[in-house]
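Here's the structure, in structure tokens; my notes come after.
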Amino acid sequence: MFSTAVFSDTGLRMRLLWFLLLSLLSAVSGGTDSKAVTTTLTTKWADTPLLLEARYNAAPLSKMLHMTCVCTCCPHKDTDQAYYDLIVKKASALLSSVQVNMLKFALSLRAYSATVNSFQQIASNESPPSGCSAFVSIQGVKTCDDVIFEALLETAPERPKPYLFKGDHKYPGSNPDGPVVILYAEFGKPDFQRLHQVVSSKVREGLVTYVLRHYVANPSGKKVYLSGYGVELAIKNQEYKAKDDTQVQVIGENDPVDEVQGFLFGKLKTLYPDIKEQLKELRKHLVESTNEMAPLKVWQMQDLSFQTAARILAAPAVEALSVMRDLSQNFPTKARSITKTVVSSEIRKEIGENQKKINHSPLSPLTCSVFEMLRSEARVMEGLRSLHIETPYIHDILKLNVQPSDSDYAVDIRNPAISWINNLETDHRYSSWPYNVQELLRPTFPGVIRQIRKNFHNLVRPRLINHAAELLGVAEMFYANNIPLRIGLVFVVSDEDDIDGMQDAGVALVRAYNYISDEVDSQSAFEAVISMFNQVPIGGQLSVGDVVKVLEKRFPYVEVSSVLGADSTYDSNRKESRAYYQQTGVGPLPVVMYNGIPYPREQLDPDELETVTMQKILETTTLYQRAVYLGELATDQDVVDFIMNQPNVVPRINPRVLSTSRTYLDLSDSNDGYVRPVTFWVVGDFDKPSGRQLLYDAIRHMVRETLSLYHLFVQYNDTTSSLLAQHNGNRRKQQARSVQRRRNLTTKETATALQKGVDIGEFAVGGMDVSLFKSAYDSPKFDFLLSHAAYCRDVLKLKKGQRAVISNGRVSHILQVNAGFSLRASDLVMKVDALLSSQPKGDARVEYDFADDRYSAVKIRPKEGDVYFDVVAVVDPVTRDAQKLSPLLLVLKQLVNVNLRVFMNCQSKLSDMPLKSIYRYVLEPEVTFRSDSSFSPGPMAKFLDMPQSPLFTLNLNTPESWMVESVHTRYDLDNIYLEEVENIVAAEYELEHLLLEGHCFDVSSGQPPRGLQFTLGTASEPVIVDTIVMANLGYFQLKANPGAWMLKLRKGRSDEIYKIYSHDGTDSPADSDDIIVVLNNFKSRIIKVKVVSKCFLLFYLSNLFISKCMTCLLSFRGLTGGGKMEEPKLEKDDVINIFSVASGHLYERFLRIMMLSVLKNTKTPVKFWFLKNYLSPTFKEFIPHMAKQYGFQYELVQYKWPRWLHQQTEKQRIIWGYKILFLDVLFPLAVDKILFVDADQIVRTDLKELRDFDLEGAPYGYTPFCESRREMDGYRFWKSGYWASHLAGRRYHISALYVVDLKKFRKIAAGDRLRGQYQGLSQDPNSLSNLDQDLPNNMIHQVPIKSLPQEWLWCETWCDDSTKRSAKTIDLCNNPMTKEPKLQAAVRIVAEWTDYDQEIKHVHTEL
């Protein structure tokens, strides 16, 4: 085979070319040139500058500002490539070679385009001042004038500070207490430089907080071309012809490729135009000879997986990945040649042995978030390498699990110091409750708290008298209303022996409680305590007199002094209670614990405490149910022992050890050569006693241990600290001798003496250089103290005077005055620990153990001497994962140094073609350019030299959070027949939305608030999109784009019944009323929202409010279709809502005709609802004109298939799923009824009759299949087998026409039931073969179907000719006997179809 077809001598070229043509043309019949399909995907927003995107990957803001200035000083180069090279060159000065490759990859992916555009959206909502290409906002007031800026800065404190987002860039050195100045500008522009200088000068003066947000005043007219997605050309079944015969007008589409098997046909056509036709025939023969797609026999398919693996493994290692990509992505065209491959016994045996290991290993599924993973791993590995750790050890270190546990830690509540008010297991008041733990498994209504005579729920309240009143009231309310909650008190009062109850109110309270408990019972004692606090005036504190007054009233015969006085015998638990409180370490009072778990302080508000406790009871009940179901908890077990034996119960809660909220420093830049296990930096203001105490504790610990205390940092308060200690302690004996002097250094007396002028030498430590010590003390240079203070402020984020200990890079803030130093000291280990711990928490690393890799794995070795990524892949080469994985690995190999092993995981005894599509994965390692050094159009999926005989349908496989739509093509992408295409099919898609997903639960019931509505918008436009919460997992989704968005409950029933209780994964504080979500990347964003019913507490806690609750609960019906809707809606007679779906030009042609038939016969106004997901650009362009012409309304709806719901892979089955699975969430709540009419249907009556049809309580009505055409009896599958027994005499219904009562449908949660049944059945590939029909018929017993009269749907396939005259609609059903094409059947069966078709064509021609 020739490598090129262009030679130097013209005569020789002609002779050789004619020889080739003559030898090949005998095997070539006439035909057309080979064809190609290309696909691109762009963003909806304008192109973002690469310099702004580079900022997020290259370096910290301060360094990037320097880089920007350098780039600005250099004029913009003449070409795109020159400017790109300049960016990379400047970034290279700050980054390692691996990081530079990551930067190039990020720019190729356009990974940070969404980040840049999010700030553009935020800036646009700020309404930029007129004529300003850059501007500043000084606490809400905007300007781009330097003079006005100064005036606005003076008045800034009078205005509220703006909300700052988590991703905002704060300039180093900003004063957090100063006014907030936000600069909106584009890096590298003159206006940015001018305003940056103005604002940064104010930062240096300590006057402002400076925040930078990107803003491009004149966005580019171009779009961002994306990559990181797959494109599939699936081979369609042509059993039923579904191709439109309308001719396509081709407008200037050029062939992008001209090379086939080494021949440059574009060049040849130019050189030899007189043999152009013969060249076309030669090219077609070469293409078809390598793309043979003749069907295979079943026996030929059985070994295809092993044969493909053998072909890959036979290739040289450097080419193996390319071979895997070629074979897997073009499998339908390669399958026949692969069947000739011989598989060795060694390969089969080794794959089998490895599969035994794989089946017992937790393999992670393929993920495409390669960029984030690479960048994170590269940072850690390079940090470890900078510490001079050898590469083999780096991979061992990476396997260490240093991430904190997510557990809520509890303390043991089995302590006699706790005074229990009640006991559910023994108290008489609970005797009527059931005792068996199996009661937990009994079904109840959602939100009902089970009353079982077991101490499942325990509330402990350590208390001081000045923190008691309100929280005691909550405990009293729980007790009085028989909430199944055991309540205990821990009296934290003075434990001094010489203080009695006649002097101290706390001691009096304890003794009075003990006395009443002994004389009566603990419940009476608790009631007396409540009475004592009721005596206290608002704002006052409990006094001895209040205690005495209650005692005298309740026990008039008792001498108070004998109970409260010095000789009292009722003093038990006073010392034990304080000791228990101190031993548990639960923190400062007030404290409340549920089953030993302390509540966060923000939940101790009395109103909040009620809600949180009820929620915890419901959540914990689920855990108990699981334990009972699994046999881990039995009736005869002590429940409290079971709770306290859980792994989250600890002797003491030390927040510095157990907290999961941790801050780490990156300390990998330097190494002093010493290796120690722990290092501490002590930070404090050592002019203060608390700071000196912390320093002393650190020194004392250093003396006790043989470890080193490496650095002691100082932080300013109001005065310059006069003491900075830095020690390196390796001489234990010498330290021990001088410990008393070191203690003297840290005392208040020493500080006072130094201020009075005492010679510093008096306080010198033994073994030190006294003269050097005095010289350092007397030195006037205090710059290092200023730098320490700046470091504490800007890096450690500490307030003035705040103390902290940095342990192995982990920052622990010390807030309590009496919290001392109880940690160990470090160095190399510190830096490794800090580096690993600062990484985001992810899945634990697993080391896979394979039997061998000699015969069954592709092995690519890393370059020696460099840090490398250890990559292991396991793949079946004839799966969709292989189609994606091979290009990913090829790009990975170009980006970084890898030690790569790809193990084959083959299937045997295949009975069907494993891959029925040709696939391309769009991914490039760096930005590409044209020959003129301008940017190339962007990443593109190219299907070159495609076979022309199959019928293809084009699908995009995008990340879960992307919602894309086709925006430009002249061809039918659902039916691509390349024989009828002149050269290429170019498909252009657009990323229309990024998806915001979430899960919502009602804390009062633990269940999803089905029917609840959320809205998403901005401050200026609060409602841009809305959504409904599903009962399935409480799932909801909202369409958005990069920017800052506000999530709210929809005005109306939703916010009348519910309020937002908490939220997780958002960008606003947990206690904020406004939920702000910033979408600033292409990754999936999933949030969690908890809501609480406003009448929940009333319902549970007081019978006095039952009537009010009933009103509230009746209002709740409005959410689920049982009451007044949230949205104003038209009267039922005003509009008929018709839903339909279509994909491909033929079915869109049918759809337009169906619409026309409806409009011709229906007198009531009509609104059409179309599923937008699969409509072509042509239809979306035409429908507004048709709506104007015929006077109807229409709306395009779309919904992204949820990630948790079993995915379909075939486009037709996906469309079927949309017809039935999402009816409850596709349409607004205002739509009461919806009619579904198939696209290939003709309507001959007024559909108002169907809309008003009485469904007799059923949620939907379908027409049964006709049974009058007897010759089709053999095809009526529902008459025998599974369907006959399942239907039990009921009819099997067709899904071409149905009416849905959405109010009833939502009320009985029909959508949730259908999705639940689908999730179970769809796992079986042989189930739900006709998804949109089989599912509702399968669920007929749970979701009843009202059978419509037979005349509502006539279909020639199943109905005889005599019933046609009474048909109200005619459906063009496929005929399994004749397999007649749809167009041909439409003209023959429906007399008016041709007239409708011509009328629509006429309307189209007039446009």
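Simple scheme: letters A, B, ... for chains in structure tokens order, numbers from 1 for residues in each chain, numbers from 1 for ligands in the order shown.
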
Determine, counting only C-alpha atoms, which protein, DNA and RNA residues have an atom within 7 Å of an atom of segment 1318-1329 of chain A; residues of the same chain fewer than 5 positions away are not included. Present the result as a ChimeraX atom specification. /A:1205-1206,1334-1335

Contacts of Ser1068 of chain A at 12 Å (only C-alpha atoms; same-chain gap of 2+ positions) as a list in words: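 My list of contacting residues is Tyr163, Leu164, Phe165, Lys166, Gly167, Ala1044, Trp1045, Met1046, Leu1047, Ser1062, His1063, Asp1064, Gly1065, Thr1066, Ala1070, Asp1071, Ser1072, Asp1073, Asp1074, Ile1075, Ile1076, Val1077, Val1078 and Ile1087 of chain A.
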
Create the file for the chosen residues now, containing C-alpha atoms and written as a short mmCIF file (atom, residue, chain, number, x, y, z; two decimals), in the first residue's frame.
data_model
loop_
_atom_site.label_atom_id
_atom_site.label_comp_id
_atom_site.auth_asym_id
_atom_site.auth_seq_id
_atom_site.Cartn_x
_atom_site.Cartn_y
_atom_site.Cartn_z
CA TYR A 163 -22.94 38.96 50.24
CA LEU A 164 -19.63 37.34 49.29
CA PHE A 165 -19.55 33.95 47.60
CA LYS A 166 -17.31 31.05 48.55
CA GLY A 167 -15.46 31.31 45.25
CA ALA A 1044 -25.40 32.73 41.36
CA TRP A 1045 -28.99 31.62 41.87
CA MET A 1046 -31.52 31.89 44.68
CA LEU A 1047 -33.56 28.81 45.59
CA SER A 1062 -31.66 23.33 56.62
CA HIS A 1063 -29.66 22.88 53.47
CA ASP A 1064 -26.41 21.20 52.50
CA GLY A 1065 -24.17 21.63 49.46
CA THR A 1066 -25.24 25.22 48.87
CA ALA A 1070 -26.72 26.83 56.88
CA ASP A 1071 -28.85 29.26 58.91
CA SER A 1072 -29.44 31.68 56.02
CA ASP A 1073 -33.03 32.27 54.93
CA ASP A 1074 -31.92 32.75 51.32
CA ILE A 1075 -30.45 29.64 49.72
CA ILE A 1076 -27.79 30.72 47.25
CA VAL A 1077 -26.34 28.18 44.83
CA VAL A 1078 -23.43 29.14 42.61
CA ILE A 1087 -27.87 19.79 47.05
#

Could you tell me which of A:Ser92, A:Asn955, A:Thr1357, A:Asn482 comes closest to Ala234 of chain A if we count only C-alpha atoms?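 Nearest candidate to Ala234 of chain A out of A:Ser92, A:Asn955, A:Thr1357, A:Asn482: A:Asn955.
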
Interatomic distance between atom CA of Cys1373 of chain A and atom CA of Leu954 of chain A?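 Distance reported for this atom pair: 24.4 Å.
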
Mind listing the strand (DSSP E) residues of segment 1300-1402 of chain A, per DSSP on the backbone, as a list of chain:residue names? A:Val1300, A:Asp1301, A:Ile1345, A:Lys1346, A:Ser1347, A:Trp1354, A:Cys1355, A:Thr1369, A:Ile1370, A:Asp1371

Suppose we keep C-alpha atoms; can you now write the selection as a PDB file, in the first residue's frame?
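And here's selection.pdb as it stands now:
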ATOM      1  CA  VAL A1300     -54.433  11.719  32.345  1.00  0.00           C
ATOM      2  CA  ASP A1301     -56.159  13.320  35.320  1.00  0.00           C
ATOM      3  CA  ILE A1345     -56.764   2.219  34.039  1.00  0.00           C
ATOM      4  CA  LYS A1346     -60.161   3.395  32.828  1.00  0.00           C
ATOM      5  CA  SER A1347     -60.851   1.739  29.462  1.00  0.00           C
ATOM      6  CA  TRP A1354     -58.863   2.743  15.331  1.00  0.00           C
ATOM      7  CA  CYS A1355     -55.806   1.006  13.946  1.00  0.00           C
ATOM      8  CA  THR A1369     -58.910   8.896  15.807  1.00  0.00           C
ATOM      9  CA  ILE A1370     -56.869   6.767  13.411  1.00  0.00           C
ATOM     10  CA  ASP A1371     -53.442   5.538  14.451  1.00  0.00           C
TER      11      ASP A1371
END

Spatial neighbours of Leu900 of chain A, max dist 8 Å, only C-alpha atoms, sep filter under 3 positions, as a PyMOL selection string: chain A and resi 858-862+870-873
